[in-house]
>>> print(open('query-v1.cif').read())   # mmCIF, C-alpha atoms
data_coords
loop_
_atom_site.label_atom_id
_atom_site.label_comp_id
_atom_site.auth_asym_id
_atom_site.auth_seq_id
_atom_site.Cartn_x
_atom_site.Cartn_y
_atom_site.Cartn_z
CA MET A 1 -18.24 -34.57 -4.82
CA ASN A 2 -18.82 -31.93 -7.51
CA ILE A 3 -16.64 -28.86 -7.82
CA THR A 4 -19.30 -26.51 -6.40
CA ALA A 5 -19.64 -28.49 -3.19
CA PHE A 6 -15.85 -28.66 -2.93
CA ILE A 7 -15.51 -24.87 -3.26
CA ILE A 8 -18.25 -24.26 -0.69
CA ALA A 9 -16.59 -26.67 1.74
CA ALA A 10 -13.22 -24.96 1.17
CA VAL A 11 -14.67 -21.47 1.78
CA ILE A 12 -16.38 -22.63 4.98
CA LYS A 13 -13.15 -24.25 6.12
CA ILE A 14 -11.11 -21.08 5.42
CA ALA A 15 -13.65 -18.87 7.24
CA LEU A 16 -13.70 -21.23 10.22
CA VAL A 17 -9.91 -21.40 10.53
CA VAL A 18 -9.53 -17.60 10.14
CA PHE A 19 -12.24 -17.02 12.77
CA ILE A 20 -10.58 -19.43 15.20
CA MET A 21 -7.17 -17.89 14.54
CA LEU A 22 -8.27 -14.27 15.03
CA THR A 23 -10.26 -15.23 18.13
CA GLY A 24 -7.17 -16.99 19.45
CA VAL A 25 -5.13 -13.86 18.73
CA ALA A 26 -7.60 -11.71 20.66
CA TYR A 27 -7.56 -13.94 23.70
CA THR A 28 -3.80 -14.35 23.55
CA THR A 29 -3.61 -10.64 24.35
CA TRP A 30 -5.86 -11.30 27.37
CA LEU A 31 -3.71 -14.25 28.45
CA GLU A 32 -0.54 -12.22 28.03
CA ARG A 33 -1.83 -9.37 30.17
CA LYS A 34 -3.02 -11.76 32.89
CA VAL A 35 0.19 -13.83 32.97
CA ILE A 36 2.51 -10.81 32.94
CA GLY A 37 0.30 -9.20 35.57
CA ARG A 38 0.82 -12.21 37.83
CA ILE A 39 4.57 -12.19 37.14
CA GLN A 40 4.69 -8.50 38.12
CA ASN A 41 2.37 -8.97 41.12
CA ARG A 42 -0.68 -7.17 39.72
CA TRP A 43 -4.09 -8.26 38.48
CA GLY A 44 -4.26 -7.56 34.76
CA PRO A 45 -7.73 -7.24 33.12
CA THR A 46 -10.51 -7.69 35.68
CA ARG A 47 -13.19 -5.07 34.98
CA VAL A 48 -14.75 -6.05 31.63
CA GLY A 49 -16.65 -9.29 32.07
CA PRO A 50 -15.84 -12.12 34.51
CA PHE A 51 -12.05 -12.33 35.00
CA GLY A 52 -11.73 -9.66 32.30
CA LEU A 53 -12.71 -12.15 29.58
CA LEU A 54 -14.57 -9.50 27.57
CA GLN A 55 -11.57 -7.18 27.47
CA PRO A 56 -10.46 -8.35 23.96
CA LEU A 57 -13.98 -7.64 22.67
CA ALA A 58 -13.93 -4.17 24.21
CA ASP A 59 -10.50 -3.50 22.68
CA GLY A 60 -11.71 -4.65 19.27
CA ILE A 61 -14.76 -2.35 19.41
CA LYS A 62 -12.50 0.52 20.47
CA PHE A 63 -10.18 -0.01 17.49
CA ILE A 64 -13.11 -0.21 15.06
CA LEU A 65 -14.85 2.93 16.37
CA LYS A 66 -11.74 5.02 16.97
CA GLU A 67 -11.05 7.83 14.50
CA ASP A 68 -8.71 6.72 11.73
CA MET A 69 -6.14 9.49 11.39
CA LEU A 70 -4.23 9.89 8.13
CA PRO A 71 -1.30 12.26 8.71
CA ASP A 72 -0.31 14.81 6.11
CA TYR A 73 2.70 14.17 3.89
CA VAL A 74 2.48 10.38 4.13
CA HIS A 75 2.55 8.26 0.97
CA LYS A 76 -1.11 7.33 1.25
CA GLY A 77 -1.24 4.24 -0.96
CA LEU A 78 1.73 2.50 0.64
CA PHE A 79 0.74 3.79 4.09
CA ILE A 80 -2.59 1.96 3.81
CA LEU A 81 -1.10 -1.09 2.07
CA ALA A 82 1.59 -1.78 4.70
CA PRO A 83 -0.60 -3.14 7.57
CA MET A 84 -2.73 -5.11 5.10
CA LEU A 85 0.38 -6.73 3.64
CA ALA A 86 1.75 -7.64 7.07
CA LEU A 87 -1.53 -9.26 8.18
CA ALA A 88 -2.21 -10.99 4.85
CA MET A 89 1.21 -12.65 4.73
CA SER A 90 0.88 -13.89 8.31
CA LEU A 91 -2.52 -15.45 7.54
CA ILE A 92 -1.23 -17.03 4.31
CA ALA A 93 1.44 -18.80 6.34
CA ILE A 94 -1.25 -20.32 8.57
CA ALA A 95 -3.07 -21.70 5.50
CA VAL A 96 -0.54 -24.49 4.87
CA ILE A 97 -0.19 -25.71 8.47
CA PRO A 98 -1.75 -29.15 9.06
CA PHE A 99 -3.24 -29.77 12.49
CA GLY A 100 -4.56 -33.31 12.27
CA SER A 101 -4.91 -36.42 10.16
CA THR A 102 -6.17 -36.00 6.61
CA ILE A 103 -9.44 -37.50 5.41
CA THR A 104 -9.84 -38.00 1.67
CA VAL A 105 -13.27 -38.47 0.12
CA GLY A 106 -13.68 -38.75 -3.62
CA GLY A 107 -10.13 -37.53 -4.20
CA TYR A 108 -10.63 -34.32 -2.24
CA THR A 109 -9.34 -33.42 1.21
CA THR A 110 -12.46 -32.48 3.16
CA ALA A 111 -13.90 -32.37 6.65
CA LEU A 112 -16.70 -34.77 5.80
CA GLN A 113 -17.66 -37.64 8.03
CA ILE A 114 -16.29 -41.16 7.70
CA SER A 115 -18.00 -44.12 9.34
CA GLY A 116 -20.42 -41.70 10.94
CA MET A 117 -17.65 -39.79 12.74
CA VAL A 118 -16.84 -36.20 11.89
CA ARG A 119 -13.09 -35.81 12.12
CA PRO A 120 -10.88 -32.79 11.48
CA ASP A 121 -8.86 -32.68 8.28
CA GLY A 122 -5.31 -31.50 7.95
CA GLY A 123 -5.91 -27.76 7.73
CA ILE A 124 -6.88 -25.44 4.89
CA SER A 125 -4.56 -27.03 2.33
CA ASP A 126 -2.07 -29.87 2.04
CA ILE A 127 0.96 -28.84 -0.03
CA ASN A 128 4.12 -30.90 -0.46
CA ILE A 129 6.33 -27.79 -0.11
CA GLY A 130 4.44 -26.27 2.81
CA LEU A 131 7.60 -25.37 4.72
CA LEU A 132 8.94 -23.32 1.80
CA ILE A 133 5.64 -21.46 1.47
CA ILE A 134 5.68 -20.52 5.16
CA LEU A 135 9.25 -19.25 4.97
CA GLY A 136 8.45 -17.29 1.81
CA ALA A 137 5.26 -15.73 3.19
CA THR A 138 6.91 -14.65 6.43
CA SER A 139 9.80 -13.17 4.44
CA ILE A 140 7.43 -11.06 2.35
CA GLY A 141 5.82 -9.88 5.60
CA VAL A 142 9.01 -7.88 6.22
CA TYR A 143 7.95 -5.56 3.40
CA GLY A 144 4.89 -4.52 5.39
CA VAL A 145 7.09 -3.27 8.21
CA ALA A 146 9.57 -1.60 5.85
CA LEU A 147 6.82 0.13 3.87
CA ALA A 148 5.14 1.33 7.06
CA GLY A 149 8.26 3.13 8.21
CA TRP A 150 9.15 4.61 4.84
CA SER A 151 5.63 5.69 3.83
CA SER A 152 5.01 7.37 7.21
CA ASN A 153 7.52 10.11 6.28
CA SER A 154 8.68 10.18 9.90
CA LYS A 155 12.24 9.78 11.15
CA TYR A 156 11.12 7.71 14.13
CA SER A 157 9.09 5.35 11.95
CA LEU A 158 11.87 5.10 9.37
CA LEU A 159 14.49 4.20 11.98
CA GLY A 160 12.13 1.61 13.46
CA SER A 161 11.50 0.02 10.05
CA LEU A 162 15.22 -0.03 9.23
CA ARG A 163 15.89 -1.78 12.52
CA ALA A 164 13.12 -4.27 11.83
CA SER A 165 14.30 -5.02 8.28
CA ALA A 166 17.92 -5.57 9.33
CA GLN A 167 16.89 -7.69 12.32
CA MET A 168 14.39 -9.87 10.49
CA ILE A 169 16.65 -10.48 7.48
CA SER A 170 19.57 -11.33 9.76
CA TYR A 171 17.66 -13.83 11.86
CA GLU A 172 15.87 -15.34 8.87
CA LEU A 173 19.20 -16.84 7.84
CA ALA A 174 19.70 -18.59 11.16
CA LEU A 175 16.04 -19.65 11.30
CA GLY A 176 16.10 -21.18 7.82
CA LEU A 177 19.41 -22.96 8.43
CA SER A 178 18.16 -24.34 11.76
CA LEU A 179 15.50 -26.31 9.83
CA VAL A 180 17.91 -27.94 7.36
CA GLY A 181 18.69 -30.68 9.89
CA ILE A 182 14.98 -31.54 10.04
CA LEU A 183 14.86 -31.77 6.24
CA LEU A 184 17.89 -34.06 6.19
CA LEU A 185 16.31 -36.39 8.76
CA SER A 186 12.82 -36.45 7.21
CA GLY A 187 13.74 -36.14 3.52
CA SER A 188 10.72 -33.97 2.74
CA LEU A 189 9.49 -30.38 2.62
CA SER A 190 5.94 -31.49 3.38
CA LEU A 191 4.90 -30.65 6.92
CA ARG A 192 2.64 -33.70 6.99
CA GLU A 193 5.48 -36.00 5.93
CA ILE A 194 7.77 -34.45 8.54
CA VAL A 195 5.18 -35.14 11.25
CA ASN A 196 4.56 -38.69 10.01
CA SER A 197 8.30 -39.40 10.12
CA GLN A 198 8.16 -38.64 13.86
CA SER A 199 5.55 -41.28 14.67
CA GLY A 200 6.50 -44.24 16.83
CA THR A 201 9.22 -44.50 19.45
CA TRP A 202 13.01 -44.64 19.49
CA SER A 203 14.71 -48.03 19.18
CA LEU A 204 17.67 -48.49 21.51
CA ALA A 205 19.77 -51.68 21.41
CA GLY A 206 17.10 -53.34 19.29
CA HIS A 207 14.29 -52.62 21.75
CA ASN A 208 11.57 -50.01 21.37
CA THR A 209 11.53 -47.50 24.18
CA HIS A 210 8.76 -45.24 25.38
CA ILE A 211 10.60 -42.09 24.22
CA PRO A 212 8.65 -40.50 21.34
CA HIS A 213 10.47 -40.35 18.01
CA TRP A 214 10.48 -36.55 17.94
CA PHE A 215 13.17 -34.54 16.18
CA ILE A 216 13.76 -32.43 19.29
CA ILE A 217 16.07 -35.23 20.52
CA PRO A 218 18.60 -35.34 17.63
CA GLN A 219 18.06 -31.66 16.76
CA ILE A 220 18.20 -30.00 20.17
CA ILE A 221 20.73 -27.46 18.87
CA GLY A 222 18.57 -26.75 15.82
CA PHE A 223 15.58 -26.22 18.11
CA PHE A 224 17.55 -23.81 20.27
CA ILE A 225 18.52 -21.78 17.18
CA TYR A 226 14.96 -21.90 15.82
CA LEU A 227 13.44 -20.74 19.09
CA LEU A 228 15.72 -17.73 19.46
CA SER A 229 15.36 -16.81 15.78
CA ALA A 230 11.57 -17.07 16.04
CA TYR A 231 11.61 -14.57 18.92
CA ALA A 232 13.63 -12.17 16.78
CA GLU A 233 11.44 -12.72 13.71
CA THR A 234 8.28 -11.85 15.62
CA ASN A 235 9.89 -8.82 17.32
CA ARG A 236 9.30 -10.15 20.81
CA ILE A 237 11.31 -9.48 23.95
CA PRO A 238 14.27 -9.73 24.27
CA PHE A 239 14.48 -8.90 20.54
CA ASP A 240 11.80 -6.19 20.23
CA LEU A 241 14.22 -3.46 19.12
CA PRO A 242 12.01 -2.21 16.22
CA GLU A 243 9.40 -1.20 18.82
CA ALA A 244 11.79 0.20 21.43
CA GLU A 245 9.47 2.93 22.69
CA THR A 246 12.12 4.47 24.94
CA GLU A 247 14.22 5.27 21.87
CA LEU A 248 11.85 5.47 18.89
CA VAL A 249 8.49 6.61 20.38
CA ALA A 250 6.71 3.45 19.15
CA GLY A 251 8.79 2.28 16.21
CA TYR A 252 7.57 1.73 12.66
CA HIS A 253 3.87 2.10 13.56
CA THR A 254 4.20 5.48 15.31
CA GLU A 255 1.96 7.28 12.79
CA TYR A 256 -0.77 4.63 12.68
CA SER A 257 -4.09 4.62 14.49
CA SER A 258 -7.37 2.73 14.69
CA MET A 259 -7.60 -0.60 12.82
CA LYS A 260 -4.45 -0.03 10.78
CA PHE A 261 -2.54 0.16 14.07
CA ALA A 262 -4.29 -2.98 15.33
CA MET A 263 -3.48 -4.92 12.15
CA PHE A 264 0.25 -4.78 12.88
CA PHE A 265 -0.30 -6.35 16.29
CA MET A 266 -2.70 -8.91 14.83
CA ALA A 267 0.05 -9.86 12.34
CA GLU A 268 2.57 -10.13 15.17
CA TYR A 269 0.39 -12.48 17.20
CA VAL A 270 -0.53 -14.57 14.13
CA ASN A 271 3.20 -14.91 13.44
CA MET A 272 3.60 -16.09 17.04
CA PHE A 273 1.05 -18.83 16.34
CA THR A 274 2.84 -19.73 13.11
CA ALA A 275 6.17 -20.05 14.94
CA ALA A 276 4.53 -22.13 17.69
CA CYS A 277 2.82 -24.40 15.12
CA LEU A 278 6.09 -24.90 13.23
CA ALA A 279 7.95 -25.76 16.43
CA THR A 280 5.24 -28.29 17.24
CA LEU A 281 5.25 -29.85 13.77
CA LEU A 282 9.00 -29.93 13.18
CA PHE A 283 10.39 -30.78 16.62
CA PHE A 284 7.60 -32.19 18.83
CA GLY A 285 5.74 -34.67 16.67
CA GLY A 286 2.82 -32.47 15.60
CA TRP A 287 -0.49 -34.06 16.49
CA HIS A 288 1.07 -37.32 17.72
CA GLY A 289 0.68 -37.88 21.44
CA PRO A 290 0.47 -40.67 24.00
CA SER A 291 -2.08 -43.36 23.30
CA LEU A 292 -5.14 -43.30 25.55
CA SER A 293 -6.74 -46.46 24.21
CA PHE A 294 -6.75 -47.99 27.70
CA LEU A 295 -9.33 -45.36 28.73
CA HIS A 296 -11.84 -46.70 26.16
CA LEU A 297 -12.88 -43.22 25.13
CA PRO A 298 -15.83 -42.65 22.76
CA ALA A 299 -14.90 -42.78 19.07
CA ILE A 300 -15.58 -39.07 18.55
CA ILE A 301 -13.17 -38.17 21.38
CA GLN A 302 -10.51 -40.45 19.94
CA ALA A 303 -10.99 -38.79 16.56
CA LEU A 304 -10.43 -35.34 18.11
CA LEU A 305 -7.39 -36.35 20.20
CA PRO A 306 -4.81 -35.44 17.49
CA VAL A 307 -6.13 -31.87 17.41
CA VAL A 308 -6.12 -31.75 21.21
CA TRP A 309 -2.45 -32.83 21.39
CA PHE A 310 -1.54 -30.32 18.69
CA ALA A 311 -3.40 -27.48 20.45
CA LEU A 312 -1.78 -28.27 23.81
CA LYS A 313 1.72 -28.16 22.34
CA VAL A 314 1.01 -24.86 20.56
CA PHE A 315 -0.42 -23.41 23.79
CA PHE A 316 2.78 -24.39 25.60
CA PHE A 317 4.88 -22.40 23.13
CA ILE A 318 2.53 -19.38 23.29
CA PHE A 319 2.76 -19.46 27.08
CA PHE A 320 6.55 -19.68 26.79
CA TYR A 321 6.51 -16.57 24.57
CA ILE A 322 4.60 -14.70 27.26
CA TRP A 323 6.77 -16.02 30.06
CA ILE A 324 9.95 -14.86 28.35
CA ARG A 325 8.45 -11.39 27.82
CA GLY A 326 7.75 -11.05 31.53
CA THR A 327 11.21 -12.31 32.52
CA LEU A 328 14.00 -11.02 30.28
CA PRO A 329 15.17 -7.45 29.56
CA ARG A 330 15.68 -6.03 26.08
CA PHE A 331 18.99 -6.42 24.25
CA ARG A 332 20.96 -3.49 22.91
CA TYR A 333 20.88 -3.33 19.14
CA ASP A 334 24.58 -4.09 18.71
CA GLN A 335 24.18 -7.11 21.01
CA LEU A 336 21.21 -8.32 18.97
CA MET A 337 23.04 -8.14 15.64
CA ALA A 338 26.26 -9.64 17.01
CA PHE A 339 24.31 -12.51 18.59
CA GLY A 340 22.63 -13.34 15.27
CA TRP A 341 25.67 -13.09 12.98
CA LYS A 342 28.51 -14.19 15.27
CA PHE A 343 26.81 -16.92 17.32
CA LEU A 344 23.54 -18.27 15.88
CA LEU A 345 24.59 -18.34 12.22
CA PRO A 346 27.90 -20.24 12.75
CA LEU A 347 26.14 -22.59 15.19
CA ALA A 348 23.42 -23.32 12.59
CA ILE A 349 26.05 -24.09 9.93
CA ALA A 350 27.89 -26.39 12.34
CA ASN A 351 24.61 -28.19 13.13
CA ILE A 352 24.02 -28.78 9.41
CA ILE A 353 27.51 -30.20 8.93
CA VAL A 354 27.23 -32.59 11.89
CA THR A 355 23.71 -33.73 10.90
CA SER A 356 24.83 -34.30 7.29
CA LEU A 357 27.75 -36.44 8.42
CA ILE A 358 25.51 -38.52 10.70
CA VAL A 359 22.88 -39.04 7.96
CA ALA A 360 25.58 -39.97 5.43
CA TRP A 361 27.20 -42.40 7.91
CA ARG A 362 23.87 -44.11 8.60
CA ALA A 363 23.18 -44.43 4.88
#
>>> encode(input="query-v1.cif", output="structure tokens")
Amino acid sequence: MNITAFIIAAVIKIALVVFIMLTGVAYTTWLERKVIGRIQNRWGPTRVGPFGLLQPLADGIKFILKEDMLPDYVHKGLFILAPMLALAMSLIAIAVIPFGSTITVGGYTTALQISGMVRPDGGISDINIGLLIILGATSIGVYGVALAGWSSNSKYSLLGSLRASAQMISYELALGLSLVGILLLSGSLSLREIVNSQSGTWSLAGHNTHIPHWFIIPQIIGFFIYLLSAYAETNRIPFDLPEAETELVAGYHTEYSSMKFAMFFMAEYVNMFTAACLATLLFFGGWHGPSLSFLHLPAIIQALLPVVWFALKVFFFIFFYIWIRGTLPRFRYDQLMAFGWKFLLPLAIANIIVTSLIVAWRA
């Protein structure tokens, strides 16, 4: 494969993944409104299209056509840059997430066919420090929120951005430490290697069992810390203090309108997908699932099964996000900060110590 064909294939792959991701984001808003509507004994979207399925399209057209207001006295350059930075960093994090088995042709990772079967590759890129890149990109995304509040030249926006910065930095510590146990067990920063180390089943008393070799079993405490920290990182209930509309009007995006306003919410939902994908890859075996060879499925279906298992696990976590939002109330800010620093952080450190001792003992 020459370099031109490789670049064209890469561009097509990037465009396809971005299109699928943004479409998924749009219909996650529809799913969220329908599920929360059912939880609260109401209908949710029903008017636009069958079952309200065209509501995300109508919302997108509204955001595009709505007048884009630029308030006086804002710092215009940073005011415009902030939502772009938040969305760009969330999409960069998605770029290194693998979602299936890799196919290598001529030394390049591609989506070309092998043995006549078109199979999905492992995502946009395959990097051996993918986990570090995701943590770094999501950390830089905090600057988008901070710049939005400061550049708006509004006290409400500034207070919302200060809340968001303190909250996200605080819970980033617990989130990062919750993943150290996974790194100790897998011995790699590569998401693909972490998933491959979870293949097979557990061996108990010298006999293989039918329990999948997923890291959720030895790292249940790490998963608990990761899940709560991911809620706080994505500003979701019960940790949505930066957008506490009863106290701060609308938080850091109070002065935004039109597509710039929508870009913050697109970044939030993309970050939800990133957190769900990471939970799937690190704790639940990624694209590994039960074998269905006894069904004698067509080869093309068998080739797509890894992506199906991966998508089902991610959907479960997205649904869990929505379920929690419709169930739990919002924390007070002092409760939120105390929970992160006084409970999650010491628990994460204790989990690292115990996991290190177990790994060292086994060695």
>>> closest_residue(input="query-v1.cif", among="A:Val25, A:Ala267, A:Ile216, A:Ile194", to="Gly144 (chain A)", atoms="only C-alpha atoms")
A:Ala267
>>> resolve_selection(input="query-v1.cif", expression="the PyMOL selection byres ((chain A and resi 182) around 8)", output="list in words")
Leu179, Val180, Gly181, Leu183, Leu184, Leu185, Ser186, Ile194, Phe215, Gln219 and Leu282 of chain A
>>> resolve_selection(input="query-v1.cif", expression="the PyMOL selection byres ((chain A and resi 347) around 9)", output="short mmCIF file (atom, residue, chain, number, x, y, z; two decimals) with C-alpha atoms, keeping the file's coordinate frame")
data_model
loop_
_atom_site.label_atom_id
_atom_site.label_comp_id
_atom_site.auth_asym_id
_atom_site.auth_seq_id
_atom_site.Cartn_x
_atom_site.Cartn_y
_atom_site.Cartn_z
CA ALA A 174 19.70 -18.59 11.16
CA SER A 178 18.16 -24.34 11.76
CA ILE A 221 20.73 -27.46 18.87
CA GLY A 222 18.57 -26.75 15.82
CA ILE A 225 18.52 -21.78 17.18
CA LYS A 342 28.51 -14.19 15.27
CA PHE A 343 26.81 -16.92 17.32
CA LEU A 344 23.54 -18.27 15.88
CA LEU A 345 24.59 -18.34 12.22
CA PRO A 346 27.90 -20.24 12.75
CA ALA A 348 23.42 -23.32 12.59
CA ILE A 349 26.05 -24.09 9.93
CA ALA A 350 27.89 -26.39 12.34
CA ASN A 351 24.61 -28.19 13.13
CA ILE A 352 24.02 -28.78 9.41
#
>>> closest_residue(input="query-v1.cif", among="A:Trp309, A:Pro238, A:Lys76, A:Gly187", to="Ser356 (chain A)", atoms="all atoms listed in the file")
A:Gly187
>>> atom_distance(input="query-v1.cif", atom1="CA of Phe331 (chain A)", atom2="CA of Gln167 (chain A)")
12.2 Å
